[in-house]
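J.: What follows is a single structure, and I will ask about it in a moment.
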Amino acid sequence: MAVSSKRIDFNRTPLRRRVIASAIVIFWVCASAASVAQPDTVLRLGNPGEPQTLDPHRYNLRLEETLLTDLFMGLTTFAADGSTIPGVASSWQVSDDGLRWTFKLRPDLIWSDGQPLTADDFVFAYRRLQAPATAASLAYFMYPLKNAAAVNAGKMPGAALGVSAPDPRTLILELEQPYPHLLETLLYPTAYPLPRHAIEAHGDNWVKAENWVSNGAYRLQEWRPQAYVQLTANPHYDPAPAITEVFYYPLANEQTAYNRYRAGEVDAIATFPSGELAYAKRELSTDLRSSVQLSIMYLVFNTRVEPFSDPRVREALAMMMQPEVLTDKVQRSGNLASRSFVPAMVSDYEPVPGPQYQLSLPERLSRGKMLLAEAGYSASRPLEITLRYISGGETKRTALAIAAFWKPLGVKTQLHQAELKVHFADLRQGDFQVAQAGWIGENNAEHYLSLLISDTGDVNYGGFADNQFDALMAAARQEADLAERNRLLRLADERAVGLYPVVPMYSLGVRRLVNPKLRGWQNTPRDVHPVRFLSLEP
Amino acid sequence: MNSHWLRQALFGSTLAAACSAWLALMVLAALAGPALSPWDPQAINWDALENPPSSSHWLGTDMVGRDLLTRIMLGARVSLSVALIATAVSVIIGIPYGTLAGYLGGRADQLMMRIVDTLYALPFILIVILLVVVFGRSPLLLFAALGAVFWLDIARIVRGQTLRIRESDYIAAARIQGAGPVRILIRHLIPNVLGPAVVYATLTVPGVILAESFISFLGLGVQEPDTSWGVLIADGALNMESAPWALVFPALALAATVWSLNMLGDRLRDQLDVQAARV
Amino acid sequence: MTRYLSIRLLLTLITFWVIVTLVFFLLRLAPGGPFDGERRLPPEVEQNLRVAYNLDQPLPRQYLNYLSMLGHGDLGPSFKQKDFSVAELVISGLPVSLAVGVMALLIALTGGIALGTWAGLNTGTKTDLLIMGTANIGLAVPAIVVAPLLALVFAVWLGWLPAGGIGGPQYFLLPAAALSLPFVAAIARLTRGSVAETLQEPHITTAMAKGLPRRRIIRYHVLPIALLPVLSYIGPAAAALLTGSVVVEQIFELPGIGRYFVQAALNRDYTLVMGVVIVYAAFILLFNLLVDVCYARLDPRIRLRS
């Protein structure tokens with residue numbers, strides 16, 4: 001007997017009812033949950049990526065520095081406008097020859113676990129920074145200290161380091177040579193005090209949330225990988241900040257960061273797709289913050305290996321760089337083109353543009369071709385290289401543009417992308433040929449030029465080593481007078497650019513969206529915004 | 001095997017004909033498109049970044065000013081060739097395995113099929129990613145890895161088919177004539193399972209295309225300046241609000257191709273079942 | 001039935017062992033990997049690896065050591081994430097991936113069975129074509145397209161649901177929805193075919209001829225048998241869901257195992273990649289075994305055979 005062809009009245013079957021009922025329940029739950037308001041003592045911030053570590057001696061990345069600035073406080077610290085003010089030090093004195101700095105610490109300093117903070121914690125920290133076992137990439141920041149380089153190379157014991165604490169509230173720093181920028185250098189995590197008692201008790205596990213001890217406005221509450229880093233207010237920090245809880249989300253994907261900001265899930269993001277800039281200027285003008293950061297984005301050549309061990313190849317590729325095209329046509333996102341390695345924003349320093357810019361573009365092209373031919377490359381044996389870039393919309397676009405710049409030379413460029421922290425980890429290991437790199441730094445020329453000194457360590461990614469340059473830098477550092485110092489630095493700069501270890505591209509424009517209810521947010525040259533200065537309007 | 005049922009499956013209904021036409025178009029585009037297009041798929045054009053569709057760029061441009069239509073055709077080349085080669089690899093592994101299992105029968109067959117069952121359960125994309133991570137991003141490895149993952153279905157079908165023919169008079173006659181097992185395998189069994197095997201192979205093609213697009217989307221597959229549909233979709237998703245065409249058109253190409261392959265594959269399989277029932 | 005299941009269990013264990021061994025050797029063979037002598041490693045990573053994997057010992061010893069590590073649930077140190085071990089990352093990511101996967105499976109089952117039954121009861125009609133056509137679209141449009149679009153529409157434009165991150169069940173809804181679409185389609189297809197077939201069975205047609213209420217017949221006689229193929233599909237579906245979750249976790253920035261896996265793959269964090277593959281494999285094999293047990297209990301043919 002055939003099955004009846006009468007339509008089954010689906011409307012009456014229980015299955016459908018169940019489905020509809022569940023859908024209603026789910027949406028009701030979501031709607032009610034989504035409308036829960038955020039208390040105004042909780043701040044949610046977007047960080048441009050996931051940190052690799054929170055140990056102040058092992059950090060490397062700007063996004064890690066952002067976290068550490070909230071967690072610790074050094075001898076000096078940032079004011080809300082980005083200038084340098086006293087931190088845990090109440091006063092200091094410099095000896096006449098500029099070689100001896102004596103810091104007086106504030107009374108009654110305590111760590112977040114209630115233990116007293118003394119000058120000994122600084123001595124312990126500075127020695128640990130230079131200890132070879134710590135393998136700190138940024139140990140060279142503190143090389144101005146006497147014997148620091150030797151201790152870091154293992155040639156002298158830690159006790160030989162030029163730091164001492166005659167009494168618990170006095171710290172003495174002895175320098176190799178006069179160093180006018182010391183106060184700025186002390187802003188970095190490499191100069192923070194570390195909780196000796198916690199590190200001795202827990203070893204490398206001291207960075208875990210359950211063992212965490214720090215002296216800043218906040219302490220580490222929880223670090224959930226790829227989800228968030230949660231900070232809570234340090235009960236022993238005075239004055240108590242308005243924001244008691246901070247969540248830092250790793251938002252490396254610009255589009256996701258933008259979506260989440262617009263959905264109201266994040267109060268401030270570090271970047272968003274440049275394609276949205278026009279829209280943001282029109283519709284989100286109260287949220288938009290733009291400025292140019294004290295920074296330099298550049299291409300670095302690995303001078304240790306073929307083909308970039310050959311200076312002709314480096315020069316040929318450098319010839320074809322067009323920073324203005326990159327910023328004005330390809331990126332169009334507020335970045336500032338730079339022909340010099342030391343950013344133009346640095347005070348009291350006349351930037352040194354690369355020598356290639358004295359030629360016209362057609363002249364540069366023919367010179368580039370000539371250099372490559374000399375180095376042994378031709379149409380039958382083209383130069384094949386891999387350009388590494390950081391995953392992301394703008395960086396990918398920039399990498400494609402650079403590959404296009406080099407194409408007329410007959411160069412075949414393969415692109416290789418990696419997540420930000422891994423990109424820089426690979427760079428520090430010298431695992432690349434040519435790569436995008438960037439440095440956000442201090443307001444002095446030698447901070448940038450020291451990236452090219454041969455014994456700086458693994459942040460001299462390309463391993464550039466030139467005796468003459470090293471000698472010129474050493475001579476400059478002997479100089480106490482700032483003007484003369486800068487003059488000598490310029491000579492070193494000119495020497496370096498002629499050898500093309502790096503190709504400068506642009507200074508990073510800051511393109512942020514910040515919740516208008518967030519008070520206390522100011523544009524600063526280094527784009528630093530310690531949370532203790534911020535508050536949320538109810 | 002007469003070709004009437006093949007024609008019926010591919011062109012029997014308007015929808016089927018449309019799908020076949022689309023696929024033919026994709027193959028044509030992959031083969032000849034980039035050469036015929038006035039735009040160089042690698043040529044970056046500063047002045048035409050992320051342009052919407054216009055008379056000069058029919059589908060618009062991408063984030064560095066490359067013509068999107070040409071890029072999609074170039075992507076078709078990679079996506080389709082990966083699918084073809086991977087499917088070929090899976091057939092090369094699957095047919096001998098399945099035929100052998102079916103022919104041997106009994107315990108050996110049970111064992112071989114149980115192995116297939118357990119392997120079937122594993123997360124194949126993860127294994128492909130694992131291989132890519134360990135051995136690098138060479139396209140050849142990608143094809144081989146994908147093929148090595150998709151052979152299971154083919155092996156199953158072929159084994160079923162072999163079991164069916166094994167006891168037929170035709171094979172018995174060959175045996176009486178003194179043909180040894182290898183000869184039977186090669187000359188009689190395999191040619192007869194080829195038909196269904198190829199049909200089922202077409203059903204794996206969409207799966208391979210999707211797998212390749214996933215892997216490229218994650219950044220582990222094809223690298224710049226080469227491209228595939230997965231890469232184009234990933235790039236399109238980066239700026240989907242300001243330049244939606246960069247996401248929509250590659251996504252449409254991928255979806256339409258996969259949909260057509262699924263649709264035609266279903267029809268082929270239905271026809272095959274009809275044929276088998278007739279026998 | 002016990003015999004059937006013990007064979008399955010044995011095969012499962014063997015497969016797992018094969019995978020673990022494969023992983024062990026792959027890790028050691030990887031060019032530029034952690035055990036490649038050429039590579040210059042950061043000292044702290046090298047130290048961790050040396051300690052964890054007994055690199056100074058001969059290979060068989062290393063292998064046994066590795067097996068015993070796994071037995072204790074220790075998956076080794078992460079190659080790139082200095083502050084976490086692989087096991088810690090997996091444990092923190094597992095609940096998230098499970099939540100998304102389970103939600104997606106539920107959506108797929110409810111939606112797929114409902115749609116498939118509806119179509120199967122009305123085969124050949126316009127409704128049937130419409131449902132199946134739409135379902136097939138779910139199969140053709142991949143998660144990499146659906147997910148960003150869902151985020152755009154529901155999170156940014158409408159603001160009903162969050163665009164990413166975690167914090168409560170609503171954070172899993174969009175990812176689960178994006179993930180479940182192809183499975184809704186697959187289950188709908190399966191159910192439809194199976195329902196249509198079962199409707200032709202003699203005992204069903206007899207019952208209908210006798211005048212038993214239609215709804216009763218469908219609920220108590222047709223569906224239980226028709227849904228058996230769906231049950232056996234859940235096993236491979238779980239595997240596919242896990243792999244699909246890799247993509248949606250990436251797009252919605254959910255801190256699940258899939259996300260760690262992709263990041264690890266991009267970062268060449270070999271030990272993390274290996275660890276995740278082992279965990280996934282274990283999970284899936286276990287799940288399939290459970291499904292086999294259920295199936296064996298329900299399918300009278302298997303039950304009666306032994």
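Ordering of the structure tokens sets the chain letters (A, B, ...), residue numbers begin anew at 1 in every chain, and ligands are numbered from 1 in the order given.
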Write out as a CSV table (one decimal) with C-alpha atoms, in the first residue's frame every residue belonging to chain B that has an atom at most 7 Å from any atom of chain C, counting only C-alpha atoms.
T.:
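Output file part09.csv is given in full below:
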```
chain,number,residue,atom,x,y,z
B,118,THR,CA,39.8,4.0,13.0
B,121,ALA,CA,38.0,9.2,13.0
B,122,LEU,CA,41.1,11.3,13.1
B,123,PRO,CA,41.2,15.1,12.6
B,125,ILE,CA,43.2,18.9,8.9
B,126,LEU,CA,45.2,18.9,12.0
B,130,LEU,CA,51.2,19.2,11.5
B,133,VAL,CA,54.6,22.8,10.2
B,134,VAL,CA,57.2,20.1,10.4
B,135,PHE,CA,58.3,19.9,6.8
B,220,LEU,CA,49.8,27.9,6.5
B,237,ALA,CA,38.1,39.4,5.8
B,251,ALA,CA,33.8,33.6,-1.3
B,255,ALA,CA,31.0,28.5,-2.5
B,258,VAL,CA,31.9,23.6,-4.0
B,259,TRP,CA,28.1,23.6,-4.3
```
J.: Using only C-alpha atoms, determine which residues lie at most 12 Å from Val293 (chain C), disregarding the query and same-chain residues fewer than 2 positions distant; provide the list as a compact mmCIF listing (two decimals) with C-alpha atoms, in the first residue's frame.
T.:
```txt
# COMPACT_ATOMS: atom_id res chain seq x y z
CA MET C 1 28.69 -7.39 21.76
CA THR C 2 31.56 -7.56 24.22
CA ARG C 3 33.72 -9.16 21.55
CA TYR C 4 32.87 -6.41 19.08
CA LEU C 5 33.69 -3.76 21.63
CA SER C 6 36.93 -5.32 22.81
CA ILE C 7 38.18 -5.40 19.24
CA ARG C 8 37.27 -1.74 18.90
CA LEU C 9 39.04 -0.90 22.12
CA LEU C 231 24.13 8.44 15.51
CA SER C 232 26.93 6.75 13.67
CA GLY C 235 31.66 10.15 15.57
CA LEU C 286 37.54 8.04 22.91
CA PHE C 287 34.45 9.74 21.59
CA ASN C 288 34.16 7.33 18.71
CA LEU C 289 34.49 4.42 21.04
CA LEU C 290 31.62 5.77 23.14
CA VAL C 291 29.48 6.22 20.05
CA TYR C 295 25.33 2.10 18.59
CA ALA C 296 26.01 -1.46 19.62
CA ARG C 297 23.39 -1.28 22.32
CA LEU C 298 20.80 0.27 20.08
CA ASP C 299 21.22 -1.56 16.81
CA ILE C 302 24.74 -6.10 16.38
CA ARG C 303 23.20 -6.96 19.68
```
J.: Go through A:Lys396, A:Arg526, A:Arg339, A:Arg519 and flag the residue nearest chain B, using only C-alpha atoms for the distances.
T.: A:Lys396
J.: Looking at only C-alpha atoms, which of A:Pro225, A:Gly98, A:Pro273, A:Pro516 is the one that sits closest to Ser85 (chain C)?
T.: A:Pro225
J.: Based on only C-alpha atoms, which of the residues in chain A come within 10 Å of chain B? I want them as a PyMOL selection string.
T.: chain A and resi 253-256+259+272-279+325-326+328-331+391-394+396-401+403-405+407+412-418
J.: Save the residues we just selected, C-alpha atoms, as an mmCIF file, in the first residue's frame?
T.:
```
data_model
loop_
_atom_site.group_PDB
_atom_site.id
_atom_site.type_symbol
_atom_site.label_atom_id
_atom_site.label_comp_id
_atom_site.auth_asym_id
_atom_site.auth_seq_id
_atom_site.Cartn_x
_atom_site.Cartn_y
_atom_site.Cartn_z
ATOM 1 C CA ASN A 253 43.818 41.385 14.376
ATOM 2 C CA GLU A 254 42.937 44.985 13.503
ATOM 3 C CA GLN A 255 39.483 44.158 12.199
ATOM 4 C CA THR A 256 38.550 42.184 15.306
ATOM 5 C CA ASN A 259 34.633 45.221 15.737
ATOM 6 C CA PHE A 272 42.382 49.572 13.618
ATOM 7 C CA PRO A 273 42.262 48.924 9.877
ATOM 8 C CA SER A 274 43.491 51.942 7.942
ATOM 9 C CA GLY A 275 40.608 51.478 5.526
ATOM 10 C CA GLU A 276 38.278 52.585 8.311
ATOM 11 C CA LEU A 277 40.137 55.829 8.961
ATOM 12 C CA ALA A 278 37.836 57.917 6.805
ATOM 13 C CA TYR A 279 34.757 56.504 8.519
ATOM 14 C CA VAL A 325 54.949 56.227 -1.429
ATOM 15 C CA LEU A 326 54.576 53.784 1.443
ATOM 16 C CA ASP A 328 51.026 58.404 1.469
ATOM 17 C CA LYS A 329 49.783 55.903 -1.051
ATOM 18 C CA VAL A 330 49.999 52.416 0.322
ATOM 19 C CA GLN A 331 49.203 52.939 3.985
ATOM 20 C CA SER A 391 50.853 39.339 10.399
ATOM 21 C CA GLY A 392 48.365 42.109 9.873
ATOM 22 C CA GLY A 393 46.620 44.143 7.222
ATOM 23 C CA GLU A 394 48.902 47.152 7.058
ATOM 24 C CA LYS A 396 51.109 42.851 4.691
ATOM 25 C CA ARG A 397 50.325 45.720 2.381
ATOM 26 C CA THR A 398 53.678 47.288 3.176
ATOM 27 C CA ALA A 399 55.491 44.021 2.522
ATOM 28 C CA LEU A 400 53.771 43.630 -0.848
ATOM 29 C CA ALA A 401 54.700 47.207 -1.737
ATOM 30 C CA ALA A 403 58.428 43.514 -2.961
ATOM 31 C CA ALA A 404 57.040 45.634 -5.781
ATOM 32 C CA PHE A 405 59.758 48.249 -5.244
ATOM 33 C CA LYS A 407 60.788 43.918 -8.728
ATOM 34 C CA LYS A 412 62.219 37.657 -6.629
ATOM 35 C CA THR A 413 60.729 38.202 -3.199
ATOM 36 C CA GLN A 414 58.927 35.548 -1.199
ATOM 37 C CA LEU A 415 56.890 36.747 1.753
ATOM 38 C CA HIS A 416 56.783 35.068 5.128
ATOM 39 C CA GLN A 417 54.469 36.174 7.909
ATOM 40 C CA ALA A 418 54.492 35.481 11.632
#
```
J.: Within 7 Å of chain A, which residues belong to chain C? Use only C-alpha atoms and report them as a ChimeraX atom specification.
T.: /C:40,81-83,110,114,118,121-122,155-156,159-161,163-165,170,205,215,254-255,266-267
J.: Please provide as a list of chain:residue names all residues within 9 Å of Gly111 (chain C), with the sequence filter that same-chain residues fewer than 6 positions apart are discarded (counting only C-alpha atoms).
T.: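 Contacts, in chain order: A:Val19, C:Val184, C:Ala185, C:Ile187, C:Ala188.
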J.: Keeping only N, CA and C atoms, write the selected residues to a file as a JSON list (two decimals), in the first residue's frame.
T.:
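Saved result, part37.json, follows:
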```
[["chain", "number", "residue", "atom", "x", "y", "z"],
["A", 19, "VAL", "N", 12.31, 23.19, 19.12],
["A", 19, "VAL", "CA", 13.36, 24.02, 18.52],
["A", 19, "VAL", "C", 13.08, 25.49, 18.78],
["C", 184, "VAL", "N", 24.62, 20.97, 10.14],
["C", 184, "VAL", "CA", 23.16, 21.02, 9.99],
["C", 184, "VAL", "C", 22.81, 20.43, 8.63],
["C", 185, "ALA", "N", 23.55, 20.87, 7.61],
["C", 185, "ALA", "CA", 23.28, 20.38, 6.26],
["C", 185, "ALA", "C", 23.50, 18.88, 6.16],
["C", 187, "ILE", "N", 23.59, 16.55, 8.48],
["C", 187, "ILE", "CA", 22.63, 15.77, 9.26],
["C", 187, "ILE", "C", 21.24, 15.82, 8.61],
["C", 188, "ALA", "N", 20.90, 16.99, 8.06],
["C", 188, "ALA", "CA", 19.61, 17.11, 7.38],
["C", 188, "ALA", "C", 19.54, 16.13, 6.21]]
```
J.: Using only C-alpha atoms, which of the listed residues (B:Val82, B:Leu36, B:Leu189, B:Leu119) sits closest to Thr204 (chain B)?
T.: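 Looking at the shortest contact to Thr204 (chain B), the residue is B:Val82.
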J.: Could you list, as an MDAnalysis selection string, every residue within 6 Å of Gly438 (chain A), counting only C-alpha atoms and ignoring same-chain residues fewer than 5 positions away?
T.: chainID A and resid 296:298
J.: Using CA of Gly463 (chain A) and CA of Asn302 (chain A) as the two end points, give the distance in Å to one decimal.
T.: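 CA of Asn302 (chain A) lies at a distance of 6.5 Å from CA of Gly463 (chain A).
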